[in-house]
$ cat data08.txt   # compact mmCIF, N, CA and C atoms
# COMPACT_ATOMS: atom_id res chain seq x y z
N MET A 26 4.74 15.52 14.76
CA MET A 26 3.97 15.11 15.92
C MET A 26 4.86 14.27 16.83
N LYS A 27 4.60 14.38 18.09
CA LYS A 27 5.34 13.61 19.09
C LYS A 27 4.57 12.34 19.45
N THR A 28 5.31 11.28 19.78
CA THR A 28 4.69 10.00 20.15
C THR A 28 4.36 9.94 21.63
N GLY A 29 5.00 10.79 22.42
CA GLY A 29 4.85 10.70 23.87
C GLY A 29 5.99 9.91 24.50
N PHE A 30 6.88 9.38 23.66
CA PHE A 30 8.07 8.66 24.11
C PHE A 30 9.30 9.40 23.61
N LYS A 31 10.00 10.06 24.53
CA LYS A 31 11.12 10.93 24.16
C LYS A 31 12.17 10.21 23.30
N ASN A 32 12.58 9.02 23.73
CA ASN A 32 13.62 8.28 22.99
C ASN A 32 13.15 7.90 21.58
N LEU A 33 11.89 7.53 21.46
CA LEU A 33 11.34 7.19 20.15
C LEU A 33 11.23 8.43 19.27
N ASP A 34 10.83 9.56 19.86
CA ASP A 34 10.72 10.81 19.10
C ASP A 34 12.06 11.26 18.52
N GLU A 35 13.15 10.90 19.18
CA GLU A 35 14.49 11.25 18.68
C GLU A 35 14.86 10.44 17.44
N LYS A 36 14.21 9.29 17.25
CA LYS A 36 14.56 8.39 16.15
C LYS A 36 13.53 8.32 15.02
N VAL A 37 12.27 8.65 15.34
CA VAL A 37 11.17 8.49 14.39
C VAL A 37 10.40 9.80 14.27
N GLU A 38 10.07 10.14 13.04
CA GLU A 38 9.23 11.32 12.81
C GLU A 38 7.84 10.85 12.40
N VAL A 39 6.85 11.29 13.16
CA VAL A 39 5.47 10.94 12.86
C VAL A 39 4.82 12.14 12.19
N ASN A 40 4.27 11.92 11.00
CA ASN A 40 3.53 12.99 10.35
C ASN A 40 2.39 12.39 9.53
N LYS A 41 1.52 13.25 9.05
CA LYS A 41 0.31 12.77 8.37
C LYS A 41 0.59 12.09 7.04
N GLU A 42 1.79 12.21 6.53
CA GLU A 42 2.11 11.60 5.24
C GLU A 42 2.66 10.19 5.37
N ASN A 43 2.88 9.73 6.61
CA ASN A 43 3.47 8.41 6.82
C ASN A 43 2.47 7.44 7.40
N LEU A 44 2.60 6.20 6.99
CA LEU A 44 1.85 5.10 7.58
C LEU A 44 2.81 4.41 8.54
N MET A 45 2.42 4.32 9.80
CA MET A 45 3.29 3.69 10.78
C MET A 45 2.87 2.24 10.99
N VAL A 46 3.80 1.33 10.81
CA VAL A 46 3.55 -0.09 11.02
C VAL A 46 4.48 -0.54 12.15
N ILE A 47 3.89 -1.18 13.16
CA ILE A 47 4.68 -1.71 14.28
C ILE A 47 4.63 -3.23 14.17
N ALA A 48 5.81 -3.84 14.09
CA ALA A 48 5.86 -5.29 13.90
C ALA A 48 6.83 -5.92 14.89
N SER A 49 6.46 -7.10 15.36
CA SER A 49 7.35 -7.91 16.21
C SER A 49 6.70 -9.26 16.42
N ARG A 50 7.32 -10.08 17.23
CA ARG A 50 6.77 -11.39 17.56
C ARG A 50 5.51 -11.22 18.40
N PRO A 51 4.67 -12.25 18.52
CA PRO A 51 3.44 -12.15 19.31
C PRO A 51 3.72 -11.80 20.78
N ALA A 52 2.77 -11.07 21.37
CA ALA A 52 2.78 -10.75 22.80
C ALA A 52 4.00 -9.94 23.25
N MET A 53 4.47 -9.05 22.39
CA MET A 53 5.62 -8.22 22.74
C MET A 53 5.22 -6.78 23.08
N GLY A 54 3.93 -6.45 22.98
CA GLY A 54 3.47 -5.12 23.35
C GLY A 54 3.20 -4.18 22.19
N LYS A 55 3.05 -4.73 20.99
CA LYS A 55 2.80 -3.88 19.81
C LYS A 55 1.53 -3.06 19.96
N THR A 56 0.45 -3.70 20.35
CA THR A 56 -0.83 -3.01 20.47
C THR A 56 -0.77 -1.96 21.56
N THR A 57 -0.17 -2.30 22.69
CA THR A 57 -0.05 -1.35 23.79
C THR A 57 0.75 -0.13 23.36
N LEU A 58 1.86 -0.35 22.69
CA LEU A 58 2.68 0.77 22.19
C LEU A 58 1.88 1.62 21.22
N ALA A 59 1.22 0.99 20.27
CA ALA A 59 0.45 1.72 19.27
C ALA A 59 -0.67 2.53 19.93
N LEU A 60 -1.36 1.94 20.89
CA LEU A 60 -2.45 2.66 21.56
C LEU A 60 -1.94 3.82 22.41
N ASN A 61 -0.76 3.66 23.00
CA ASN A 61 -0.17 4.77 23.76
C ASN A 61 0.22 5.92 22.84
N ILE A 62 0.80 5.60 21.69
CA ILE A 62 1.15 6.65 20.72
C ILE A 62 -0.11 7.32 20.19
N LEU A 63 -1.09 6.50 19.82
CA LEU A 63 -2.37 6.99 19.31
C LEU A 63 -3.03 7.93 20.33
N SER A 64 -3.06 7.52 21.60
CA SER A 64 -3.66 8.34 22.65
C SER A 64 -2.97 9.68 22.78
N HIS A 65 -1.64 9.65 22.75
CA HIS A 65 -0.89 10.90 22.88
C HIS A 65 -1.21 11.86 21.74
N ILE A 66 -1.20 11.35 20.53
CA ILE A 66 -1.44 12.21 19.36
C ILE A 66 -2.87 12.75 19.38
N ALA A 67 -3.85 11.89 19.68
CA ALA A 67 -5.26 12.31 19.66
C ALA A 67 -5.62 13.20 20.84
N LEU A 68 -5.17 12.85 22.04
CA LEU A 68 -5.58 13.59 23.24
C LEU A 68 -4.72 14.81 23.52
N GLU A 69 -3.43 14.71 23.27
CA GLU A 69 -2.54 15.84 23.57
C GLU A 69 -2.44 16.82 22.39
N ASP A 70 -2.25 16.27 21.19
CA ASP A 70 -2.07 17.12 20.01
C ASP A 70 -3.37 17.41 19.27
N LYS A 71 -4.44 16.69 19.67
CA LYS A 71 -5.78 16.87 19.06
C LYS A 71 -5.76 16.59 17.56
N LYS A 72 -4.91 15.65 17.14
CA LYS A 72 -4.82 15.27 15.73
C LYS A 72 -5.60 13.97 15.51
N PRO A 73 -6.28 13.84 14.38
CA PRO A 73 -7.01 12.59 14.12
C PRO A 73 -6.06 11.42 13.87
N VAL A 74 -6.43 10.27 14.42
CA VAL A 74 -5.63 9.06 14.23
C VAL A 74 -6.55 7.89 13.89
N LEU A 75 -6.03 6.97 13.10
CA LEU A 75 -6.77 5.77 12.72
C LEU A 75 -6.00 4.57 13.22
N PHE A 76 -6.69 3.68 13.94
CA PHE A 76 -6.09 2.43 14.41
C PHE A 76 -6.75 1.29 13.65
N VAL A 77 -5.94 0.50 12.95
CA VAL A 77 -6.45 -0.64 12.18
C VAL A 77 -5.93 -1.91 12.83
N SER A 78 -6.85 -2.81 13.17
CA SER A 78 -6.47 -4.08 13.77
C SER A 78 -7.18 -5.22 13.07
N LEU A 79 -6.42 -6.24 12.73
CA LEU A 79 -7.02 -7.43 12.12
C LEU A 79 -7.30 -8.49 13.18
N GLU A 80 -6.84 -8.26 14.41
CA GLU A 80 -6.96 -9.26 15.46
C GLU A 80 -7.99 -8.92 16.52
N SER A 81 -8.03 -7.68 16.98
CA SER A 81 -8.92 -7.29 18.08
C SER A 81 -10.18 -6.65 17.55
N ASN A 82 -11.28 -6.82 18.29
CA ASN A 82 -12.50 -6.13 17.91
C ASN A 82 -12.52 -4.72 18.50
N GLU A 83 -13.43 -3.90 18.02
CA GLU A 83 -13.48 -2.50 18.42
C GLU A 83 -13.70 -2.33 19.92
N GLU A 84 -14.57 -3.14 20.51
CA GLU A 84 -14.83 -3.03 21.96
C GLU A 84 -13.57 -3.31 22.77
N ASN A 85 -12.82 -4.32 22.39
CA ASN A 85 -11.58 -4.65 23.09
C ASN A 85 -10.57 -3.51 22.98
N ILE A 86 -10.46 -2.92 21.82
CA ILE A 86 -9.53 -1.81 21.61
C ILE A 86 -9.94 -0.61 22.46
N ILE A 87 -11.23 -0.30 22.47
CA ILE A 87 -11.72 0.82 23.27
C ILE A 87 -11.47 0.56 24.76
N ASN A 88 -11.75 -0.66 25.22
CA ASN A 88 -11.49 -1.00 26.62
C ASN A 88 -10.02 -0.83 26.97
N ARG A 89 -9.14 -1.24 26.09
CA ARG A 89 -7.70 -1.09 26.35
C ARG A 89 -7.31 0.39 26.40
N LEU A 90 -7.92 1.21 25.54
CA LEU A 90 -7.66 2.65 25.59
C LEU A 90 -8.11 3.25 26.92
N ILE A 91 -9.29 2.85 27.38
CA ILE A 91 -9.80 3.37 28.65
C ILE A 91 -8.89 2.95 29.80
N ILE A 92 -8.51 1.68 29.83
CA ILE A 92 -7.66 1.17 30.91
C ILE A 92 -6.33 1.91 30.94
N SER A 93 -5.67 2.02 29.80
CA SER A 93 -4.35 2.65 29.80
C SER A 93 -4.43 4.14 30.10
N ASN A 94 -5.49 4.80 29.67
CA ASN A 94 -5.61 6.24 29.90
C ASN A 94 -6.13 6.60 31.28
N SER A 95 -6.88 5.71 31.90
CA SER A 95 -7.42 6.02 33.23
C SER A 95 -6.49 5.57 34.34
N MET A 96 -5.45 4.80 33.99
CA MET A 96 -4.49 4.32 34.98
C MET A 96 -5.18 3.48 36.06
N VAL A 97 -6.16 2.68 35.64
CA VAL A 97 -6.88 1.78 36.53
C VAL A 97 -6.50 0.36 36.16
N GLU A 98 -6.32 -0.48 37.16
CA GLU A 98 -5.95 -1.87 36.91
C GLU A 98 -7.03 -2.58 36.08
N VAL A 99 -6.60 -3.54 35.29
CA VAL A 99 -7.52 -4.28 34.42
C VAL A 99 -8.65 -4.92 35.23
N LYS A 100 -8.33 -5.54 36.35
CA LYS A 100 -9.35 -6.20 37.17
C LYS A 100 -10.40 -5.19 37.67
N LYS A 101 -9.97 -3.99 38.02
CA LYS A 101 -10.91 -2.97 38.47
C LYS A 101 -11.80 -2.52 37.31
N PHE A 102 -11.22 -2.40 36.13
CA PHE A 102 -12.02 -2.01 34.97
C PHE A 102 -13.03 -3.10 34.62
N GLU A 103 -12.63 -4.35 34.74
CA GLU A 103 -13.57 -5.45 34.49
C GLU A 103 -14.74 -5.39 35.46
N LEU A 104 -14.48 -5.03 36.73
CA LEU A 104 -15.56 -4.85 37.70
C LEU A 104 -16.48 -3.70 37.27
N TYR A 105 -15.87 -2.62 36.82
CA TYR A 105 -16.65 -1.47 36.35
C TYR A 105 -17.56 -1.90 35.20
N ASN A 106 -17.03 -2.64 34.25
CA ASN A 106 -17.82 -3.11 33.10
C ASN A 106 -18.97 -4.00 33.54
N LYS A 107 -18.72 -4.91 34.47
CA LYS A 107 -19.79 -5.79 34.97
C LYS A 107 -20.86 -4.97 35.69
N TYR A 108 -20.44 -3.98 36.45
CA TYR A 108 -21.39 -3.11 37.17
C TYR A 108 -22.22 -2.30 36.16
N LYS A 109 -21.54 -1.74 35.17
CA LYS A 109 -22.21 -0.94 34.13
C LYS A 109 -23.22 -1.78 33.36
N ASN A 110 -22.88 -3.03 33.11
CA ASN A 110 -23.76 -3.93 32.36
C ASN A 110 -24.77 -4.65 33.25
N LYS A 111 -24.83 -4.24 34.52
CA LYS A 111 -25.78 -4.78 35.50
C LYS A 111 -25.59 -6.27 35.76
N GLU A 112 -24.35 -6.74 35.61
CA GLU A 112 -24.04 -8.13 35.90
C GLU A 112 -23.77 -8.33 37.40
N ILE A 113 -23.39 -7.24 38.08
CA ILE A 113 -23.19 -7.28 39.53
C ILE A 113 -23.87 -6.06 40.13
N GLN A 114 -24.22 -6.14 41.42
CA GLN A 114 -24.95 -5.07 42.10
C GLN A 114 -24.04 -3.91 42.50
N LYS A 115 -22.83 -4.22 42.95
CA LYS A 115 -21.92 -3.20 43.47
C LYS A 115 -20.54 -3.43 42.89
N SER A 116 -19.87 -2.36 42.47
CA SER A 116 -18.58 -2.51 41.80
C SER A 116 -17.40 -2.59 42.77
N ASN A 117 -17.56 -2.09 44.00
CA ASN A 117 -16.47 -2.04 44.98
C ASN A 117 -15.27 -1.25 44.49
N LEU A 118 -15.50 -0.32 43.58
CA LEU A 118 -14.43 0.57 43.13
C LEU A 118 -14.46 1.84 43.97
N SER A 119 -13.30 2.40 44.18
CA SER A 119 -13.25 3.66 44.91
C SER A 119 -13.85 4.77 44.04
N GLU A 120 -14.27 5.84 44.68
CA GLU A 120 -14.79 6.99 43.92
C GLU A 120 -13.73 7.53 42.99
N GLU A 121 -12.47 7.50 43.43
CA GLU A 121 -11.36 7.98 42.61
C GLU A 121 -11.23 7.15 41.33
N ASP A 122 -11.31 5.82 41.47
CA ASP A 122 -11.24 4.95 40.28
C ASP A 122 -12.41 5.20 39.34
N LEU A 123 -13.61 5.30 39.91
CA LEU A 123 -14.80 5.56 39.08
C LEU A 123 -14.68 6.89 38.35
N ASP A 124 -14.22 7.91 39.07
CA ASP A 124 -14.06 9.24 38.45
C ASP A 124 -13.04 9.21 37.33
N ARG A 125 -11.91 8.50 37.56
CA ARG A 125 -10.88 8.42 36.51
C ARG A 125 -11.41 7.71 35.27
N ILE A 126 -12.14 6.62 35.47
CA ILE A 126 -12.69 5.87 34.34
C ILE A 126 -13.69 6.74 33.58
N LYS A 127 -14.63 7.34 34.29
CA LYS A 127 -15.67 8.16 33.63
C LYS A 127 -15.05 9.36 32.91
N TYR A 128 -14.07 9.99 33.53
CA TYR A 128 -13.42 11.15 32.91
C TYR A 128 -12.72 10.74 31.61
N ARG A 129 -11.99 9.62 31.64
CA ARG A 129 -11.28 9.18 30.44
C ARG A 129 -12.23 8.71 29.35
N ILE A 130 -13.33 8.08 29.73
CA ILE A 130 -14.32 7.69 28.73
C ILE A 130 -14.83 8.93 28.01
N LYS A 131 -15.12 9.98 28.77
CA LYS A 131 -15.61 11.23 28.18
C LYS A 131 -14.56 11.83 27.24
N LEU A 132 -13.30 11.86 27.68
CA LEU A 132 -12.23 12.40 26.82
C LEU A 132 -12.09 11.60 25.54
N LEU A 133 -12.10 10.28 25.66
CA LEU A 133 -11.93 9.42 24.49
C LEU A 133 -13.11 9.55 23.52
N LYS A 134 -14.33 9.68 24.06
CA LYS A 134 -15.51 9.84 23.19
C LYS A 134 -15.40 11.10 22.33
N ASN A 135 -14.79 12.13 22.89
CA ASN A 135 -14.69 13.41 22.19
C ASN A 135 -13.37 13.57 21.43
N SER A 136 -12.59 12.53 21.36
CA SER A 136 -11.29 12.63 20.70
C SER A 136 -11.38 12.17 19.25
N PRO A 137 -10.42 12.60 18.42
CA PRO A 137 -10.43 12.21 17.01
C PRO A 137 -9.75 10.85 16.77
N ILE A 138 -10.28 9.82 17.44
CA ILE A 138 -9.74 8.46 17.29
C ILE A 138 -10.73 7.65 16.45
N TYR A 139 -10.22 7.02 15.41
CA TYR A 139 -11.05 6.19 14.54
C TYR A 139 -10.48 4.78 14.55
N ILE A 140 -11.36 3.79 14.59
CA ILE A 140 -10.93 2.40 14.71
C ILE A 140 -11.56 1.56 13.61
N MET A 141 -10.73 0.77 12.96
CA MET A 141 -11.19 -0.24 11.99
C MET A 141 -10.69 -1.58 12.52
N SER A 142 -11.61 -2.53 12.67
CA SER A 142 -11.18 -3.82 13.20
C SER A 142 -11.89 -4.95 12.50
N GLY A 143 -11.30 -6.13 12.66
CA GLY A 143 -11.95 -7.34 12.16
C GLY A 143 -11.51 -7.79 10.80
N ALA A 144 -12.26 -7.37 9.78
CA ALA A 144 -12.06 -7.88 8.42
C ALA A 144 -10.70 -7.48 7.86
N PRO A 145 -10.19 -8.27 6.92
CA PRO A 145 -8.98 -7.84 6.23
C PRO A 145 -9.28 -6.59 5.39
N TYR A 146 -8.40 -5.63 5.48
CA TYR A 146 -8.60 -4.37 4.77
C TYR A 146 -7.48 -4.17 3.75
N SER A 147 -7.85 -3.55 2.64
CA SER A 147 -6.85 -3.15 1.66
C SER A 147 -6.44 -1.71 1.99
N ILE A 148 -5.36 -1.27 1.38
CA ILE A 148 -4.92 0.11 1.56
C ILE A 148 -6.03 1.06 1.09
N LYS A 149 -6.76 0.70 0.03
CA LYS A 149 -7.86 1.52 -0.45
C LYS A 149 -8.95 1.67 0.62
N ASP A 150 -9.28 0.56 1.30
CA ASP A 150 -10.28 0.59 2.38
C ASP A 150 -9.83 1.54 3.48
N ILE A 151 -8.57 1.45 3.84
CA ILE A 151 -8.04 2.29 4.91
C ILE A 151 -8.07 3.75 4.50
N CYS A 152 -7.70 4.04 3.26
CA CYS A 152 -7.69 5.43 2.78
C CYS A 152 -9.08 6.04 2.75
N LYS A 153 -10.12 5.22 2.53
CA LYS A 153 -11.50 5.72 2.53
C LYS A 153 -11.91 6.21 3.91
N LYS A 154 -11.37 5.60 4.94
CA LYS A 154 -11.71 5.95 6.31
C LYS A 154 -11.13 7.30 6.65
$ encode --input "data08.txt" --output "structure tokens"
Amino acid sequence: MKTGFKNLDEKVEVNKENLMVIASRPAMGKTTLALNILSHIALEDKKPVLFVSLESNEENIINRLIISNSMVEVKKFELYNKYKNKEIQKSNLSEEDLDRIKYRIKLLKNSPIYIMSGAPYSIKDICKK
């Protein structure tokens, strides 16, 4: 499977028999990298992927997937969320931004992406998923 990053694909082989762990210092982009790889595998290759996070909750992870896949700025997505949750009357988003967000939400809902978040998990817990 390809990661969606040509240089990384030349150095790393991703397959169903490997567990991929991304590690570095805080705030270096580990989650963003992992979500980009996950998105590519699930949306382009239609392969099931599991994302396990001990730090972020499921809603935060899903929001980050929508933002990165719809190519909409974080502030615009936050407006969309407030509008959707009826916290504001008008979102002030362009039709193009709204269409991109809605389209990506639909794609992600129908994709083989599975998320485990919150509690500490053992390898056995992860394998059950």
$ atom_distance --input "data08.txt" --atom1 "CA of Lys41 (chain A)" --atom2 "atom N of Tyr128 (chain A)"
29.1 Å
$ axis_aligned_box --input "data08.txt" --around "region 144-150 of chain A" --padding-each-side "4 Å" --output "JSON"
{"center_x": -8.6, "center_y": -3.3, "center_z": 4.7, "size_x": 15.3, "size_y": 17.9, "size_z": 18.2}
$ atom_distance --input "data08.txt" --atom1 "CA of Ser95 (chain A)" --atom2 "CA of Glu120 (chain A)"
13.0 Å
$ atom_distance --input "data08.txt" --atom1 "CA of Met141 (chain A)" --atom2 "CA of Arg50 (chain A)"
21.9 Å
$ select_by_dssp --input "data08.txt" --residues "region 29-74 of chain A" --states "alpha helix (DSSP H)" --output "ChimeraX atom specification"
/A:31-36,55-64
$ select_by_dssp --input "data08.txt" --residues "region 117-149 of chain A" --states "strand (DSSP E or B)" --output "list in words"
Ile138, Tyr139, Ile140, Met141 and Ser142 of chain A
$ residues_near_point --input "data08.txt" --point "(-15.2, 1.6, 20.3)" --cutoff "12 Å" --atoms "only C-alpha atoms" --output "list in words"
Phe76, Ser81, Asn82, Glu83, Glu84, Asn85, Ile86, Ile87, Asn88, Arg89, Leu90, Ile91, Ile130, Leu133, Lys134, Asn135, Ser136, Ile138, Tyr139, Ile140, Met141 and Ser142 of chain A
$ decode --input "data08.txt" --residues "region 88-99 of chain A" --atoms "all heavy atoms" --output "mmCIF file, in the first residue's frame"
data_model
loop_
_atom_site.group_PDB
_atom_site.id
_atom_site.type_symbol
_atom_site.label_atom_id
_atom_site.label_comp_id
_atom_site.auth_asym_id
_atom_site.auth_seq_id
_atom_site.Cartn_x
_atom_site.Cartn_y
_atom_site.Cartn_z
ATOM 1 N N ASN A 88 -12.954 15.530 13.161
ATOM 2 C CA ASN A 88 -12.879 16.916 12.692
ATOM 3 C C ASN A 88 -11.577 17.181 11.952
ATOM 4 O O ASN A 88 -11.567 17.840 10.904
ATOM 5 C CB ASN A 88 -13.041 17.894 13.851
ATOM 6 C CG ASN A 88 -14.467 17.974 14.344
ATOM 7 O OD1 ASN A 88 -15.406 17.544 13.677
ATOM 8 N ND2 ASN A 88 -14.642 18.512 15.533
ATOM 9 N N ARG A 89 -10.481 16.664 12.463
ATOM 10 C CA ARG A 89 -9.187 16.850 11.790
ATOM 11 C C ARG A 89 -9.164 16.154 10.431
ATOM 12 O O ARG A 89 -8.601 16.676 9.468
ATOM 13 C CB ARG A 89 -8.051 16.343 12.678
ATOM 14 C CG ARG A 89 -7.829 17.253 13.877
ATOM 15 C CD ARG A 89 -6.734 16.774 14.761
ATOM 16 N NE ARG A 89 -5.434 17.010 14.116
ATOM 17 C CZ ARG A 89 -4.282 16.933 14.747
ATOM 18 N NH1 ARG A 89 -4.246 16.621 16.026
ATOM 19 N NH2 ARG A 89 -3.157 17.166 14.110
ATOM 20 N N LEU A 90 -9.795 14.981 10.344
ATOM 21 C CA LEU A 90 -9.892 14.288 9.056
ATOM 22 C C LEU A 90 -10.699 15.117 8.051
ATOM 23 O O LEU A 90 -10.316 15.250 6.891
ATOM 24 C CB LEU A 90 -10.555 12.919 9.230
ATOM 25 C CG LEU A 90 -9.673 11.786 9.703
ATOM 26 C CD1 LEU A 90 -10.519 10.595 10.130
ATOM 27 C CD2 LEU A 90 -8.692 11.383 8.619
ATOM 28 N N ILE A 91 -11.808 15.672 8.506
ATOM 29 C CA ILE A 91 -12.650 16.484 7.618
ATOM 30 C C ILE A 91 -11.884 17.717 7.145
ATOM 31 O O ILE A 91 -11.882 18.036 5.956
ATOM 32 C CB ILE A 91 -13.960 16.894 8.324
ATOM 33 C CG1 ILE A 91 -14.815 15.665 8.613
ATOM 34 C CG2 ILE A 91 -14.740 17.900 7.468
ATOM 35 C CD1 ILE A 91 -15.958 15.919 9.587
ATOM 36 N N ILE A 92 -11.220 18.401 8.068
ATOM 37 C CA ILE A 92 -10.478 19.617 7.721
ATOM 38 C C ILE A 92 -9.385 19.314 6.705
ATOM 39 O O ILE A 92 -9.278 19.983 5.673
ATOM 40 C CB ILE A 92 -9.881 20.276 8.980
ATOM 41 C CG1 ILE A 92 -11.002 20.845 9.849
ATOM 42 C CG2 ILE A 92 -8.870 21.365 8.612
ATOM 43 C CD1 ILE A 92 -10.577 21.205 11.260
ATOM 44 N N SER A 93 -8.583 18.294 6.969
ATOM 45 C CA SER A 93 -7.466 18.012 6.062
ATOM 46 C C SER A 93 -7.947 17.507 4.707
ATOM 47 O O SER A 93 -7.352 17.812 3.685
ATOM 48 C CB SER A 93 -6.485 17.021 6.688
ATOM 49 O OG SER A 93 -7.061 15.756 6.834
ATOM 50 N N ASN A 94 -9.040 16.764 4.680
ATOM 51 C CA ASN A 94 -9.535 16.224 3.417
ATOM 52 C C ASN A 94 -10.361 17.215 2.604
ATOM 53 O O ASN A 94 -10.445 17.098 1.392
ATOM 54 C CB ASN A 94 -10.356 14.958 3.672
ATOM 55 C CG ASN A 94 -9.477 13.770 3.886
ATOM 56 O OD1 ASN A 94 -8.985 13.181 2.944
ATOM 57 N ND2 ASN A 94 -9.237 13.429 5.133
ATOM 58 N N SER A 95 -10.984 18.177 3.261
ATOM 59 C CA SER A 95 -11.807 19.136 2.525
ATOM 60 C C SER A 95 -11.003 20.356 2.088
ATOM 61 O O SER A 95 -11.503 21.170 1.313
ATOM 62 C CB SER A 95 -13.005 19.583 3.368
ATOM 63 O OG SER A 95 -12.578 20.268 4.516
ATOM 64 N N MET A 96 -9.769 20.477 2.587
ATOM 65 C CA MET A 96 -8.914 21.611 2.232
ATOM 66 C C MET A 96 -9.567 22.940 2.613
ATOM 67 O O MET A 96 -9.489 23.922 1.893
ATOM 68 C CB MET A 96 -8.558 21.586 0.747
ATOM 69 C CG MET A 96 -7.899 20.298 0.285
ATOM 70 S SD MET A 96 -6.309 19.986 1.060
ATOM 71 C CE MET A 96 -5.304 21.120 0.152
ATOM 72 N N VAL A 97 -10.235 22.957 3.757
ATOM 73 C CA VAL A 97 -10.874 24.161 4.280
ATOM 74 C C VAL A 97 -10.108 24.577 5.531
ATOM 75 O O VAL A 97 -9.710 23.737 6.328
ATOM 76 C CB VAL A 97 -12.362 23.885 4.618
ATOM 77 C CG1 VAL A 97 -12.990 25.059 5.330
ATOM 78 C CG2 VAL A 97 -13.139 23.554 3.359
ATOM 79 N N GLU A 98 -9.912 25.872 5.680
ATOM 80 C CA GLU A 98 -9.190 26.384 6.845
ATOM 81 C C GLU A 98 -9.908 25.998 8.141
ATOM 82 O O GLU A 98 -11.133 25.897 8.170
ATOM 83 C CB GLU A 98 -9.095 27.905 6.780
ATOM 84 C CG GLU A 98 -8.340 28.426 5.593
ATOM 85 C CD GLU A 98 -8.534 29.918 5.413
ATOM 86 O OE1 GLU A 98 -8.667 30.633 6.424
ATOM 87 O OE2 GLU A 98 -8.553 30.349 4.261
ATOM 88 N N VAL A 99 -9.136 25.822 9.198
ATOM 89 C CA VAL A 99 -9.686 25.421 10.499
ATOM 90 C C VAL A 99 -10.753 26.405 10.962
ATOM 91 O O VAL A 99 -11.821 26.003 11.417
ATOM 92 C CB VAL A 99 -8.565 25.296 11.558
ATOM 93 C CG1 VAL A 99 -9.139 25.052 12.940
ATOM 94 C CG2 VAL A 99 -7.595 24.184 11.184
#
